[in-house]
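Participant: After the structure tokens below, expect a handful of questions from me.
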Amino acid sequence: MNALGQPIRSPGAWKGPDIDWTQHGLHVLNDAELQEIDDALQHLLSLGDLDFPAITRETFPLRTVGALMASLPERLRTGCGFLMLRGLPRERYSDDDMARIYFGLGAYIGTPMTQSYLGDLLGHVVNVSDFEPKSRGYRKGGGQLMHTDSCDIIGLMCLRTAISGGASRISSALTVHNHLLEHHPESLEILRRGLHLKRTDEDGRRATRTYSEAPVPFFTQHGEEITCYLPTGYARLAEKSGARPFSQAESDALYHARKAAASEENYLDMGFKEGDIQFLNNRMMVHGRTDYEDHQELGKRRHLLRMWLRVASWPAMPAEQVFHTDEDMRLWSTSRRPLMELPSNHDRDLLAGVAGAMVE
């Protein structure tokens with residue numbers, strides 16, 4: 001049995017240079033699967049303009065592909081922790097229909113979770129910092145430091161790629177544990193005890209609190225279950241705020257974890273193609289992105305859609321590692337409007353907001 005504080009050996013404890021992700025984590029949809037997805041979309045559209053919570057297994061019926069998606073939680077939990085779904089004919093579908101397909105696939109995996117104070121069930125990973133100066137990291141451009149999100153499985157669908165760059169960079173959090181155990185055992189012990197976290201101000205104002213009530217452990221073990229949660233961005237916000245001072249040892253531990261996740265000996269870069277969907281086990285993966293050159297026009301910018309999914313068949317996330325509680329997400333969800341996640345509505349609302357500000 002694997003245990004924290006001992007070298008972890010499992011299919012999920014890999015190093016990037018040692019793994020061929022096209023062999024271990026790629027599923028290319030065949031013609032029959034693509035037809036099944038298209039049939040499900042046509043059925044969904046025949047029911048009218050349904051809001052995203054109404055996109056379910058019943059309204060988006062799949063057989064073979066549904067079984068593949070339903071098997072994903074076990075595959076991600078016991079395997080390498082990631083899967084790229086490739087082959088959707090991007091040119092065939094509008095942005096809005098791509099979003100519908102994506103959400104329909106997700107209905108076979110888990111329950112969608114609210115992601116921010118915006119109330120979004122589908123997060124738009126696109127640089128809108130010129131429209132929203134206080135945007136969270138996923139709505140800003142450039143590279144992104146390695147981190148984990150606050151869900152069981154995270155999904156990313158690529159609507160549009162950048163001019164250049166913008167690869168998905170992933171690492172195994174189990175390998176980060178092993179690296180720290182070998183090179184910085186004192187930092188590993190600190191991260192097992194935990195660090196204080198801070199939300200962005202906008203998220204905090206619309207939730208139960210801005211800071212974690214207690215230090216949140218990056219690594220926990222309950223029985224045979226090892227759970228990794230490396231919210232490096234939230235820890236960095238807490239450290240920079242000065243309201244929850246870090247000791248030098250805590251600051252070093254955060255640095256060592258970030259450096260291990262971003263080390264060339266550990267990370268794996270996966271290049272997105274338009275239409276690709278990447279699924280990650282958020283309890284044992286760390287992810288970020290490389291820097292990129294983007295378009296100026298909003299409708300041409302690098303644009304991914306993000307889902308946070310909770311898996312009912314998995315053990316509940318350890319309470320001490322839950323930063324975004326159900327009550328936080330309920331409060332965030334009060335800002336949601338029907339169909340606001342459709343890419344056409346998302347872009348329209350952003351542009352309308354700018355136009356309204358100019359009039360004022």
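Here, A, B, ... name the chains of the structure tokens in the order displayed, residue numbers run from 1 inside each chain, and ligands are numbered from 1 in the same displayed order.
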Identify all residues of range 190-348 of chain A in alpha helix (DSSP H) (DSSP on the backbone) and supply them as a ChimeraX atom specification.
Facilitator: /A:190-193,201-205,232-241,248-261,326-333,343-348
Participant: Pick out the residues sitting within 6 Å of range 305-318 of chain A, and hand them over as a PyMOL selection string; count only C-alpha atoms, and ignore anything fewer than 3 positions along from it in its own chain.
Facilitator: chain A and resi 110-113+122-125+151-157+321
Participant: Wanna dump the range 13-39 of chain A-range 83-96 of chain A contacts at 9 Å for me, each residue with its shortest atom pair and the distance in Å to one decimal, counting only C-alpha atoms, ordered by chain and number, as JSON lines?
Facilitator:
```
{"residue": "A:Trp21", "atom": "CA", "partner": "A:Leu83", "partner_atom": "CA", "distance": 8.5}
{"residue": "A:Thr22", "atom": "CA", "partner": "A:Met84", "partner_atom": "CA", "distance": 8.5}
{"residue": "A:His24", "atom": "CA", "partner": "A:Leu83", "partner_atom": "CA", "distance": 8.0}
{"residue": "A:Gly25", "atom": "CA", "partner": "A:Leu83", "partner_atom": "CA", "distance": 4.4}
{"residue": "A:Leu26", "atom": "CA", "partner": "A:Met84", "partner_atom": "CA", "distance": 4.7}
{"residue": "A:His27", "atom": "CA", "partner": "A:Leu85", "partner_atom": "CA", "distance": 5.0}
{"residue": "A:Val28", "atom": "CA", "partner": "A:Arg86", "partner_atom": "CA", "distance": 4.7}
{"residue": "A:Leu29", "atom": "CA", "partner": "A:Gly87", "partner_atom": "CA", "distance": 5.2}
{"residue": "A:Asn30", "atom": "CA", "partner": "A:Gly87", "partner_atom": "CA", "distance": 7.6}
{"residue": "A:Leu34", "atom": "CA", "partner": "A:Leu88", "partner_atom": "CA", "distance": 6.9}
```
Participant: Could you pull out all residues of range 140-310 of chain A with a DSSP call of strand (DSSP E or B) and give them as a ChimeraX atom specification?
Facilitator: /A:144-147,153-160,164-165,168-172,195,198,211,216,219-222,225-228,268-270,277-281,285-289,292-293,303-310
Participant: Between A:Ile170, A:Ala3, A:Met146, A:Ala253, which one has atoms that come closest to Ile190 in chain A, using only C-alpha atoms?
Facilitator: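 Among the listed residues, A:Ala253 lies closest to Ile190 in chain A.
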